[in-house]
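Below is the file my_file-v7.csv, which contains CSV, C-alpha atoms and all ligand atoms.
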```csv
chain,number,residue,atom,x,y,z
A,1,MET,CA,23.1,1.3,11.2
A,2,SER,CA,22.2,-1.9,12.9
A,3,ALA,CA,19.6,-4.7,13.0
A,4,ARG,CA,17.0,-4.4,15.7
A,5,ASP,CA,16.2,-6.6,18.6
A,6,ASP,CA,12.5,-7.6,19.4
A,7,HIS,CA,12.0,-4.6,21.7
A,8,SER,CA,13.2,-2.1,19.1
A,9,TRP,CA,11.4,-3.9,16.3
A,10,GLY,CA,8.1,-3.8,18.2
A,11,ALA,CA,8.4,-0.1,19.3
A,12,PRO,CA,6.5,2.5,17.3
A,13,PRO,CA,8.7,4.2,14.7
A,14,LYS,CA,10.1,7.6,15.7
A,15,LEU,CA,7.9,9.4,13.1
A,16,PRO,CA,4.9,11.6,13.3
A,17,ALA,CA,1.8,9.5,14.1
A,18,SER,CA,0.4,10.3,10.6
A,19,HIS,CA,3.4,8.7,9.0
A,20,PHE,CA,3.1,5.1,10.1
A,21,VAL,CA,0.3,2.5,10.6
A,22,SER,CA,-0.1,-0.2,13.2
A,23,GLY,CA,-0.4,-3.8,11.9
A,24,THR,CA,-3.4,-4.2,14.1
A,25,VAL,CA,-5.5,-2.4,11.5
A,26,TYR,CA,-5.1,-5.4,9.2
A,27,THR,CA,-5.8,-8.1,11.7
A,28,ASP,CA,-8.2,-7.1,14.4
A,29,PRO,CA,-11.7,-8.6,13.8
A,30,ASP,CA,-13.4,-5.8,15.8
A,31,ILE,CA,-11.8,-3.2,13.7
A,32,CYS,CA,-12.9,-5.1,10.5
A,33,ALA,CA,-16.5,-5.2,11.9
A,34,GLU,CA,-16.3,-1.4,12.6
A,35,GLU,CA,-15.1,-0.7,9.1
A,36,VAL,CA,-18.0,-2.6,7.6
A,37,ARG,CA,-20.5,-0.7,9.7
A,38,GLU,CA,-18.9,2.8,9.8
A,39,LEU,CA,-17.3,3.0,6.4
A,40,PHE,CA,-18.9,0.6,4.0
A,41,GLY,CA,-22.3,0.9,5.7
A,42,LYS,CA,-22.4,4.7,5.6
A,43,LEU,CA,-20.4,5.8,2.5
A,44,TRP,CA,-21.0,5.9,-1.2
A,45,ARG,CA,-19.6,3.0,-3.1
A,46,PHE,CA,-19.3,2.1,-6.8
A,47,ALA,CA,-21.7,-0.7,-7.5
A,48,CYS,CA,-21.5,-1.3,-11.3
A,49,HIS,CA,-21.3,0.5,-14.6
A,50,GLU,CA,-24.6,1.5,-16.2
A,51,SER,CA,-23.7,-0.5,-19.3
A,52,GLU,CA,-24.0,-3.7,-17.2
A,53,LEU,CA,-27.8,-3.1,-17.1
A,54,PRO,CA,-28.4,-2.3,-20.8
A,55,LYS,CA,-32.2,-3.3,-21.0
A,56,ALA,CA,-35.2,-2.7,-18.8
A,57,PHE,CA,-35.3,-5.3,-16.0
A,58,ASP,CA,-31.6,-6.3,-16.2
A,59,TYR,CA,-30.3,-6.7,-12.7
A,60,ARG,CA,-27.0,-7.3,-11.0
A,61,VAL,CA,-26.5,-8.8,-7.5
A,62,PHE,CA,-23.6,-7.8,-5.4
A,63,ASP,CA,-22.4,-7.9,-1.7
A,64,HIS,CA,-21.9,-4.7,0.2
A,65,ALA,CA,-21.4,-4.1,3.9
A,66,GLY,CA,-22.5,-7.7,4.7
A,67,HIS,CA,-25.7,-7.3,2.7
A,68,SER,CA,-26.8,-8.8,-0.6
A,69,LEU,CA,-28.0,-5.9,-2.8
A,70,PHE,CA,-29.1,-5.7,-6.4
A,71,CYS,CA,-29.3,-2.9,-9.0
A,72,ILE,CA,-32.1,-3.2,-11.6
A,73,ARG,CA,-33.1,-1.0,-14.5
A,74,GLY,CA,-36.8,-0.1,-14.4
A,75,ALA,CA,-39.3,0.2,-17.3
A,76,ASP,CA,-38.7,4.0,-16.9
A,77,ASN,CA,-35.0,3.4,-17.7
A,78,ARG,CA,-34.0,4.4,-14.2
A,79,ILE,CA,-31.5,2.3,-12.2
A,80,ARG,CA,-32.6,1.6,-8.7
A,81,THR,CA,-31.0,-0.5,-5.9
A,82,PHE,CA,-32.7,-2.7,-3.3
A,83,VAL,CA,-31.7,-4.9,-0.5
A,84,ASN,CA,-32.0,-8.5,-1.9
A,85,VAL,CA,-34.4,-9.6,0.8
A,86,CYS,CA,-38.1,-10.5,0.7
A,87,SER,CA,-40.4,-8.4,2.8
A,88,HIS,CA,-42.3,-11.5,3.9
A,89,ARG,CA,-40.0,-13.7,5.9
A,90,GLY,CA,-36.6,-12.4,4.8
A,91,ALA,CA,-35.5,-14.9,2.2
A,92,LYS,CA,-32.9,-13.8,-0.3
A,93,LEU,CA,-34.8,-12.9,-3.4
A,94,LEU,CA,-32.4,-13.1,-6.4
A,95,SER,CA,-29.8,-16.0,-6.3
A,96,GLN,CA,-28.2,-15.5,-9.7
A,97,PRO,CA,-25.4,-12.9,-10.0
A,98,ARG,CA,-27.1,-11.2,-13.0
A,99,GLY,CA,-30.2,-11.6,-15.1
A,100,ASN,CA,-33.4,-10.0,-16.3
A,101,ALA,CA,-36.6,-10.1,-14.3
A,102,GLU,CA,-39.7,-8.0,-15.0
A,103,THR,CA,-41.2,-9.7,-12.0
A,104,ILE,CA,-39.1,-10.7,-9.0
A,105,THR,CA,-40.7,-13.8,-7.4
A,106,CYS,CA,-39.6,-15.0,-4.0
A,107,PHE,CA,-39.0,-18.8,-4.2
A,108,TYR,CA,-40.4,-19.3,-0.7
A,109,HIS,CA,-44.0,-18.3,-0.6
A,110,ARG,CA,-44.0,-16.6,-4.1
A,111,TRP,CA,-44.6,-13.0,-3.1
A,112,THR,CA,-43.8,-10.9,-6.2
A,113,TYR,CA,-42.1,-7.5,-6.7
A,114,ASP,CA,-41.6,-5.1,-9.6
A,115,ALA,CA,-38.4,-3.3,-10.7
A,116,GLU,CA,-39.5,-0.2,-8.7
A,117,GLY,CA,-39.5,-2.2,-5.5
A,118,GLY,CA,-43.3,-2.4,-5.1
A,119,CYS,CA,-44.9,-5.6,-3.8
A,120,THR,CA,-47.1,-6.7,-6.7
A,121,GLY,CA,-48.5,-10.0,-5.5
A,122,ILE,CA,-49.3,-12.0,-2.4
A,123,PRO,CA,-50.7,-15.5,-3.0
A,124,ARG,CA,-54.1,-16.1,-1.4
A,125,PRO,CA,-54.4,-12.5,-0.1
A,126,ALA,CA,-57.8,-13.2,1.4
A,127,GLY,CA,-56.0,-14.8,4.4
A,128,TYR,CA,-54.6,-11.4,5.3
A,129,ARG,CA,-57.9,-9.6,5.2
A,130,GLY,CA,-58.7,-8.2,8.5
A,131,THR,CA,-55.1,-8.5,9.7
A,132,GLY,CA,-52.9,-7.1,6.9
A,133,PRO,CA,-50.3,-6.4,5.9
A,134,SER,CA,-51.3,-4.7,2.6
A,135,ARG,CA,-49.2,-5.0,-0.5
A,136,GLN,CA,-48.7,-1.2,-0.4
A,137,ALA,CA,-46.8,-1.6,2.9
A,138,MET,CA,-44.6,-4.5,1.8
A,139,GLY,CA,-42.3,-2.9,-0.8
A,140,LEU,CA,-38.6,-3.7,-0.9
A,141,ARG,CA,-36.0,-1.7,1.0
A,142,GLU,CA,-34.6,0.8,-1.5
A,143,VAL,CA,-31.0,1.9,-1.4
A,144,ARG,CA,-29.9,5.4,-2.5
A,145,THR,CA,-28.5,5.3,-6.0
A,146,GLU,CA,-26.8,8.0,-8.0
A,147,ILE,CA,-25.0,7.8,-11.3
A,148,LYS,CA,-22.0,9.9,-12.3
A,149,ALA,CA,-20.2,9.5,-15.6
A,150,GLY,CA,-21.9,6.2,-16.1
A,151,LEU,CA,-20.7,4.9,-12.7
A,152,VAL,CA,-23.5,3.7,-10.5
A,153,PHE,CA,-22.9,4.5,-6.8
A,154,ILE,CA,-25.0,3.3,-3.9
A,155,ASN,CA,-25.3,4.3,-0.2
A,156,LEU,CA,-27.0,2.3,2.5
A,157,ASP,CA,-27.2,5.4,4.7
A,158,ASP,CA,-30.3,7.4,4.0
A,159,ASP,CA,-29.0,10.4,6.0
A,160,SER,CA,-25.6,10.8,4.4
A,161,ALA,CA,-24.6,13.8,2.2
A,162,SER,CA,-25.1,13.6,-1.6
A,163,LEU,CA,-22.7,11.7,-3.9
A,164,GLU,CA,-21.5,15.1,-5.2
A,165,THR,CA,-20.6,16.3,-1.8
A,166,PHE,CA,-18.9,13.0,-0.9
A,167,LEU,CA,-16.8,13.0,-4.1
A,168,ASP,CA,-15.6,16.6,-3.6
A,169,GLY,CA,-14.7,16.9,-7.2
A,170,ALA,CA,-12.4,13.8,-7.2
A,171,LEU,CA,-14.0,12.5,-10.4
A,172,ASP,CA,-14.1,15.7,-12.3
A,173,SER,CA,-10.9,15.2,-14.3
A,174,PHE,CA,-12.1,11.7,-15.3
A,175,GLU,CA,-15.5,12.7,-16.6
A,176,GLU,CA,-14.5,13.5,-20.1
A,177,ALA,CA,-12.8,10.2,-20.6
A,178,LEU,CA,-15.6,8.2,-18.9
A,179,SER,CA,-18.5,9.9,-20.5
A,180,GLY,CA,-17.2,11.7,-23.7
A,181,VAL,CA,-18.1,8.6,-25.6
A,182,PRO,CA,-20.5,5.8,-24.3
A,183,LEU,CA,-18.5,3.0,-22.6
A,184,GLU,CA,-19.3,-0.5,-21.8
A,185,VAL,CA,-17.8,-3.2,-19.6
A,186,PHE,CA,-16.0,-5.9,-21.6
A,187,HIS,CA,-14.2,-7.6,-18.7
A,188,TYR,CA,-15.3,-8.5,-15.3
A,189,ASN,CA,-13.1,-10.5,-13.0
A,190,ARG,CA,-13.5,-11.4,-9.3
A,191,ALA,CA,-11.1,-13.0,-7.0
A,192,GLU,CA,-10.6,-13.6,-3.3
A,193,LEU,CA,-7.4,-12.3,-1.9
A,194,ASN,CA,-5.8,-13.6,1.3
A,195,ALA,CA,-5.2,-10.1,2.6
A,196,ASN,CA,-7.0,-7.3,4.3
A,197,TRP,CA,-9.0,-5.0,2.0
A,198,LYS,CA,-6.7,-2.0,2.9
A,199,ALA,CA,-3.6,-4.0,1.8
A,200,TRP,CA,-5.1,-4.2,-1.6
A,201,HIS,CA,-6.3,-0.6,-1.8
A,202,GLU,CA,-2.8,0.4,-0.7
A,203,THR,CA,-1.4,-1.1,-4.0
A,204,ASN,CA,-3.6,1.4,-5.8
A,205,MET,CA,-2.6,4.4,-3.6
A,206,ASP,CA,1.1,3.7,-3.3
A,207,MET,CA,3.2,5.3,-6.1
A,208,TYR,CA,6.5,4.2,-4.6
A,209,HIS,CA,5.9,0.6,-5.5
A,210,GLU,CA,6.0,1.3,-9.3
A,211,ASN,CA,9.7,0.2,-8.8
A,212,MET,CA,8.3,-3.3,-8.2
A,213,HIS,CA,6.6,-3.7,-11.7
A,214,VAL,CA,9.0,-4.4,-14.5
A,215,VAL,CA,6.6,-2.9,-17.0
A,216,LEU,CA,6.6,0.4,-15.0
A,217,ARG,CA,10.3,0.4,-14.6
A,218,LYS,CA,10.6,0.1,-18.4
A,219,THR,CA,7.9,2.4,-19.5
A,220,GLN,CA,6.9,4.9,-16.8
A,221,LEU,CA,9.6,5.7,-14.3
A,222,ASN,CA,11.7,7.7,-16.8
A,223,ALA,CA,8.9,9.0,-19.0
A,224,MET,CA,8.7,12.3,-17.2
A,225,PRO,CA,10.7,14.0,-14.4
A,226,MET,CA,9.5,13.0,-10.9
A,227,GLU,CA,9.2,16.6,-9.8
A,228,ASP,CA,6.7,17.3,-12.7
A,229,ARG,CA,4.3,14.7,-11.4
A,230,THR,CA,1.5,15.9,-9.3
A,231,MET,CA,-1.2,14.5,-7.0
A,232,ALA,CA,-4.4,15.9,-5.6
A,233,LEU,CA,-6.1,15.3,-2.3
A,234,PHE,CA,-9.9,15.8,-1.8
A,235,SER,CA,-12.2,15.8,1.2
A,236,ASN,CA,-13.4,12.5,2.6
A,237,GLY,CA,-10.1,10.6,1.9
A,238,HIS,CA,-10.0,10.6,-1.9
A,239,GLY,CA,-6.8,11.1,-3.8
A,240,ALA,CA,-5.8,11.3,-7.4
A,241,SER,CA,-2.7,11.4,-9.6
A,242,GLY,CA,-2.2,14.3,-12.0
A,243,GLU,CA,-1.2,13.6,-15.5
A,244,LEU,CA,1.4,10.8,-15.7
A,245,LYS,CA,3.1,9.6,-18.8
A,246,ALA,CA,4.4,6.3,-20.2
A,247,GLU,CA,6.9,5.7,-23.0
A,248,TYR,CA,6.2,2.5,-24.8
A,249,ALA,CA,8.4,2.7,-27.9
A,250,GLY,CA,11.3,0.7,-26.6
A,251,TYR,CA,9.4,-2.0,-24.7
A,252,ALA,CA,8.8,-5.3,-26.5
A,253,GLY,CA,5.1,-6.1,-26.9
A,254,PHE,CA,4.0,-2.6,-25.9
A,255,ALA,CA,5.7,-0.6,-28.7
A,256,GLY,CA,3.0,1.0,-30.9
A,257,ARG,CA,0.4,0.7,-28.1
A,258,GLY,CA,-2.2,3.3,-28.9
A,259,ASP,CA,-1.4,3.8,-32.6
A,260,ASP,CA,-4.0,1.2,-33.5
A,261,VAL,CA,-7.0,2.3,-31.5
A,262,PRO,CA,-8.3,5.8,-30.6
A,263,PRO,CA,-7.5,6.9,-27.0
A,264,LEU,CA,-10.3,7.8,-24.7
A,265,PRO,CA,-11.6,11.4,-25.0
A,266,GLY,CA,-9.2,13.9,-23.6
A,267,LEU,CA,-6.3,11.5,-23.3
A,268,LYS,CA,-3.3,10.6,-25.4
A,269,SER,CA,-2.4,6.9,-25.7
A,270,THR,CA,0.6,7.5,-23.4
A,271,ASP,CA,-1.3,9.2,-20.6
A,272,PHE,CA,-2.0,7.5,-17.3
A,273,ARG,CA,-4.2,8.8,-14.5
A,274,PHE,CA,-5.9,7.2,-11.5
A,275,VAL,CA,-8.2,8.2,-8.7
A,276,ASP,CA,-8.7,6.4,-5.4
A,277,LEU,CA,-12.2,6.9,-3.9
A,278,PHE,CA,-12.5,6.3,-0.2
A,279,PRO,CA,-12.8,3.6,1.0
A,280,SER,CA,-11.9,1.1,-1.7
A,281,THR,CA,-12.7,2.0,-5.3
A,282,THR,CA,-10.0,2.9,-7.8
A,283,ILE,CA,-10.4,4.1,-11.4
A,284,LEU,CA,-7.4,3.9,-13.7
A,285,LEU,CA,-7.2,5.4,-17.2
A,286,ARG,CA,-4.3,4.3,-19.3
A,287,GLY,CA,-4.7,6.1,-22.6
A,288,THR,CA,-6.8,3.6,-24.4
A,289,ALA,CA,-8.2,1.5,-21.6
A,290,VAL,CA,-10.1,1.8,-18.3
A,291,ARG,CA,-10.0,-0.4,-15.2
A,292,ILE,CA,-12.3,0.0,-12.2
A,293,ASP,CA,-11.5,-1.9,-9.0
A,294,THR,CA,-13.5,-2.4,-5.9
A,295,ALA,CA,-12.3,-4.3,-2.7
A,296,THR,CA,-14.9,-5.6,-0.3
A,297,PRO,CA,-13.9,-6.9,3.1
A,298,LEU,CA,-14.9,-10.5,3.8
A,299,GLY,CA,-13.1,-10.6,7.1
A,300,PRO,CA,-9.8,-9.1,8.4
A,301,ASP,CA,-7.7,-11.4,6.2
A,302,LYS,CA,-10.0,-12.0,3.2
A,303,THR,CA,-11.0,-9.6,0.5
A,304,LEU,CA,-13.3,-9.8,-2.5
A,305,LEU,CA,-11.7,-8.1,-5.4
A,306,GLU,CA,-13.8,-7.1,-8.4
A,307,MET,CA,-12.2,-5.6,-11.5
A,308,ARG,CA,-13.8,-4.2,-14.6
A,309,GLY,CA,-12.4,-3.3,-18.0
A,310,LEU,CA,-14.3,-0.9,-20.3
A,311,GLY,CA,-14.2,-0.2,-24.0
A,312,VAL,CA,-16.1,2.1,-26.3
A,313,LYS,CA,-19.7,1.0,-26.9
A,314,GLY,CA,-20.3,0.1,-30.6
A,315,GLU,CA,-16.6,0.3,-31.6
A,316,PRO,CA,-15.4,-1.8,-34.5
A,317,MET,CA,-14.3,-5.4,-33.5
A,318,GLU,CA,-10.7,-4.8,-34.3
A,319,HIS,CA,-10.6,-1.8,-32.0
A,320,ARG,CA,-12.3,-3.8,-29.3
A,321,ARG,CA,-9.8,-6.5,-29.7
A,322,THR,CA,-6.9,-4.0,-29.4
A,323,ARG,CA,-8.5,-2.3,-26.4
A,324,ILE,CA,-8.9,-5.6,-24.6
A,325,LYS,CA,-5.3,-6.4,-25.4
A,326,HIS,CA,-4.2,-3.0,-23.9
A,327,HIS,CA,-6.4,-3.7,-20.8
A,328,ASN,CA,-5.0,-7.2,-20.4
A,329,GLN,CA,-1.4,-6.3,-20.9
A,330,TYR,CA,-1.5,-4.5,-17.5
A,331,TRP,CA,-4.6,-5.6,-15.8
A,332,GLY,CA,-5.9,-9.0,-16.9
A,333,PRO,CA,-5.4,-12.0,-14.6
A,334,PHE,CA,-2.2,-12.6,-16.6
A,335,GLY,CA,-1.2,-9.0,-17.1
A,336,ARG,CA,2.1,-7.4,-16.0
A,337,ASN,CA,0.5,-5.4,-13.1
A,338,VAL,CA,-2.4,-6.9,-11.2
A,339,PRO,CA,-0.9,-10.3,-10.4
A,340,GLU,CA,2.2,-8.6,-9.0
A,341,ASP,CA,0.0,-6.3,-6.9
A,342,THR,CA,-1.9,-9.3,-5.5
A,343,PHE,CA,1.4,-10.9,-4.6
A,344,ALA,CA,2.6,-7.7,-2.8
A,345,ALA,CA,-0.7,-7.4,-0.8
A,346,GLU,CA,-0.6,-11.0,0.3
A,347,ALA,CA,3.1,-10.9,1.1
A,348,CYS,CA,2.5,-8.0,3.6
A,349,ALA,CA,-0.7,-9.6,5.0
A,350,ALA,CA,1.1,-12.8,5.7
A,351,SER,CA,3.7,-10.9,7.8
A,352,PHE,CA,1.1,-8.9,9.7
A,353,SER,CA,-1.2,-11.8,10.3
A,354,LYS,CA,1.1,-13.5,12.9
A,355,GLY,CA,2.7,-10.4,14.2
A,356,ALA,CA,6.0,-10.7,12.4
A,357,ALA,CA,5.5,-7.2,11.0
A,358,ARG,CA,4.2,-4.6,13.5
A,359,TYR,CA,4.1,-1.3,11.6
A,360,GLN,CA,4.1,0.0,8.1
A,361,ILE,CA,5.8,3.2,7.1
A,362,ILE,CA,3.9,5.8,5.0
A,363,ALA,CA,6.4,8.7,5.4
A,364,ARG,CA,7.6,9.6,1.9
A,365,ASP,CA,7.0,13.3,1.6
A,366,GLU,CA,7.6,14.9,-1.8
A,367,ASN,CA,5.2,17.8,-1.6
A,368,LEU,CA,2.5,16.0,-3.6
A,369,THR,CA,4.9,15.1,-6.4
A,370,GLY,CA,6.9,12.0,-7.5
A,371,GLN,CA,6.2,9.0,-5.3
A,372,ASP,CA,4.8,10.9,-2.3
A,373,ASP,CA,2.8,8.8,0.2
A,374,ALA,CA,0.3,11.6,0.6
A,375,ILE,CA,-2.7,9.7,-0.8
A,376,LEU,CA,-2.0,6.9,1.7
A,377,ARG,CA,-1.8,9.4,4.6
A,378,ALA,CA,-5.0,11.1,3.5
A,379,PHE,CA,-6.7,7.7,3.4
A,380,TYR,CA,-5.6,6.8,6.9
A,381,ALA,CA,-6.5,10.2,8.3
A,382,GLU,CA,-10.1,9.7,7.0
A,383,TRP,CA,-10.1,6.2,8.3
A,384,GLY,CA,-9.0,7.5,11.8
A,385,ARG,CA,-11.6,10.2,11.8
A,386,ARG,CA,-14.5,7.9,10.8
A,387,LEU,CA,-13.6,5.1,13.3
A,388,ASN,CA,-12.3,7.4,16.0
A,389,ARG,CA,-9.1,5.5,16.1
A,390,GLN,CA,-5.4,6.4,15.6
A,391,PRO,CA,-4.1,4.3,12.6
A,392,SER,CA,-0.7,4.3,14.3
A,393,ALA,CA,-2.2,3.1,17.6
A,394,PRO,CA,-5.8,1.9,17.0
A,395,GLU,CA,-6.5,1.4,20.7
A,396,LEU,CA,-6.3,5.2,21.1
A,397,ASP,CA,-8.9,7.8,20.0
A,398,TRP,CA,-8.3,9.7,16.9
A,399,VAL,CA,-6.4,13.0,17.3
A,400,ASP,CA,-6.2,15.2,14.2
A,401,ASP,CA,-2.7,16.5,14.1
A,402,GLY,CA,-2.9,17.3,10.4
B,1,LIG,S1,-40.0,-15.2,2.4
B,1,LIG,FE1,-40.5,-14.5,0.4
B,1,LIG,S2,-42.5,-15.0,0.0
B,1,LIG,FE2,-42.1,-15.7,2.0
B,2,FE,FE,0.9,-2.0,-8.6
```
Spell out the structure here as structure tokens.
Ligand code: FES
Ligand SMILES: [Fe+2]
Amino acid sequence: MSARDDHSWGAPPKLPASHFVSGTVYTDPDICAEEVRELFGKLWRFACHESELPKAFDYRVFDHAGHSLFCIRGADNRIRTFVNVCSHRGAKLLSQPRGNAETITCFYHRWTYDAEGGCTGIPRPAGYRGTGPSRQAMGLREVRTEIKAGLVFINLDDDSASLETFLDGALDSFEEALSGVPLEVFHYNRAELNANWKAWHETNMDMYHENMHVVLRKTQLNAMPMEDRTMALFSNGHGASGELKAEYAGYAGFAGRGDDVPPLPGLKSTDFRFVDLFPSTTILLRGTAVRIDTATPLGPDKTLLEMRGLGVKGEPMEHRRTRIKHHNQYWGPFGRNVPEDTFAAEACAASFSKGAARYQIIARDENLTGQDDAILRAFYAEWGRRLNRQPSAPELDWVDDG
């Protein structure tokens, strides 16, 4: 047992390559650009919940893989997604984060579009007679959109496999809770984090750090034997917890949680379950409340975090108030959980950014129980495969030793 000198500190840990990650993955601008292109630009990603577009022509603008996109509900009730760019000279079309527009009018030369992406108007069209283009050829760029359990997923890659294939069943055990009753978003919060997007997502994949959260030490760590906990891994880098439990009775402010509002379908108020969808969406169910996270890279050391809380559509006001309280106890900006996770992600990022930290260890192996790092390892294996880089030594090609 001894401290290490710089040579030893900077040497790769004596572990299987799958059990540690190089700090370069958090800091290298080229790797970040590859991630945007090869992961975010080619994979399905959660965009919003269908309740955020309740009426025809409601839209929501968001950033994805360096593009501005928008989802919009058509007159036919279908939600479609488009690149937020005018066909004429490329101006950004919608500048508000959300709204309602039966006709989308570009501010620059006032070309117009409908909610199905068709170009409906070109001022003074006579000037194009004889040269074109025609309105028929000037529709918006549509982005693949599929909905599962009320969750709207989009994919910029027209050639990728279906959402169902991509998910590989990772959402199956969440479907009853998410669609057994209609849900709606009651909380939307966005923040910029001074950390790499993976450092945030790790806080959602890492079970070991529940020791950090006082609320989890008090309510969750002893609620069931570690060996009875399970995890599940899916193709394409997704991972999920099995059924976890909490025991709120003895914790001030949390006692009675769930006696005052019905839990979500298929759950008890003390149940906890989460799924991490590759690359950066997490859905957490905590008995009576839902949280959905997405992390979007803005650069190697900057991440846009978006968080949503959901309640039951049409529920009585006192139930809604209680459900919001349950959500915020853990997950609101002043909750017991999220602020601590942001602190952890930024603390690690600060160490890696200047090279003070060189590697991170993801070597806990508890056979998919307890606080196993298996979901982290599955994430980095998928990351390595898709970028053709070794997470433990990203300058080297990927070798699948799993
Ligand atoms: S750029 Fe939109 S109408 Fe010209
Ligand atoms: Fe956490």
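Checking A:Ile79, A:Ile104, A:Cys48, A:Leu396 one by one against ligand LIG 1 (chain B), counting all atoms listed in the file, you find the shortest gap at A:Ile104.
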- In terms of all atoms listed in the file, the residue from A:Ser51, A:Thr270, A:Asn204, A:Gln360 at minimal distance from ligand FE 2 (chain B) is A:Asn204
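For the pair atom CA of Arg37 of chain A and atom CA of Cys348 of chain A, the interatomic distance is 24.9 Å.
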- Excluding segment 64-72 of chain A and residues on its chain fewer than 3 positions from it, collect all residues at most 10 Å away from it, counting all atoms listed in the file, and give them as a PyMOL selection string. chain A and resi 33+35-42+45+47-48+50+52-61+75+77-85+92-95+97-102+114-117+141-143+145+152+154-156+296-298
- Task: Return as a PyMOL selection string every polymer residue, whether protein, DNA or RNA, with at least one atom no more than 9 Å from an atom of ligand FE 2 (chain B); count all atoms listed in the file.
- Result: chain A and resi 203-207+209-210+212-213+216+337-342+344
Once you count only C-alpha atoms and all ligand atoms, what closest atom pair and distance in Å to one decimal does each residue of chain A within 9 Å of ligand LIG 1 (chain B) have, with rows by chain and rising residue number, as a Markdown table?
```
| residue | atom | partner | partner_atom | distance |
| --- | --- | --- | --- | --- |
| A:Val85 | CA | B:LIG1 | FE1 | 7.8 |
| A:Cys86 | CA | B:LIG1 | FE1 | 4.7 |
| A:Ser87 | CA | B:LIG1 | FE1 | 6.6 |
| A:His88 | CA | B:LIG1 | S1 | 4.6 |
| A:Arg89 | CA | B:LIG1 | S1 | 3.8 |
| A:Gly90 | CA | B:LIG1 | S1 | 5.0 |
| A:Ala91 | CA | B:LIG1 | S1 | 4.5 |
| A:Lys92 | CA | B:LIG1 | FE1 | 7.7 |
| A:Leu93 | CA | B:LIG1 | FE1 | 7.0 |
| A:Thr105 | CA | B:LIG1 | S2 | 7.7 |
| A:Cys106 | CA | B:LIG1 | FE1 | 4.5 |
| A:Phe107 | CA | B:LIG1 | FE1 | 6.5 |
| A:Tyr108 | CA | B:LIG1 | FE2 | 4.8 |
| A:His109 | CA | B:LIG1 | S2 | 3.7 |
| A:Arg110 | CA | B:LIG1 | S2 | 4.6 |
| A:Trp111 | CA | B:LIG1 | S2 | 4.2 |
| A:Thr112 | CA | B:LIG1 | S2 | 7.5 |
| A:Ile122 | CA | B:LIG1 | S2 | 7.8 |
| A:Pro123 | CA | B:LIG1 | S2 | 8.7 |
```
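Note that atom CA of Arg364 of chain A and atom CA of Glu243 of chain A are 19.9 Å apart.
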- Contacts of Ser162 of chain A at 9 Å (only C-alpha atoms; same-chain gap of 4+ positions) as a PyMOL selection string: chain A and resi 44+146+166-167
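For the residues A:Val261, A:Leu43, A:Leu310, A:Ala232, ranking by smallest atom-to-atom distance to Phe153 of chain A using all atoms listed in the file places A:Leu43 first.
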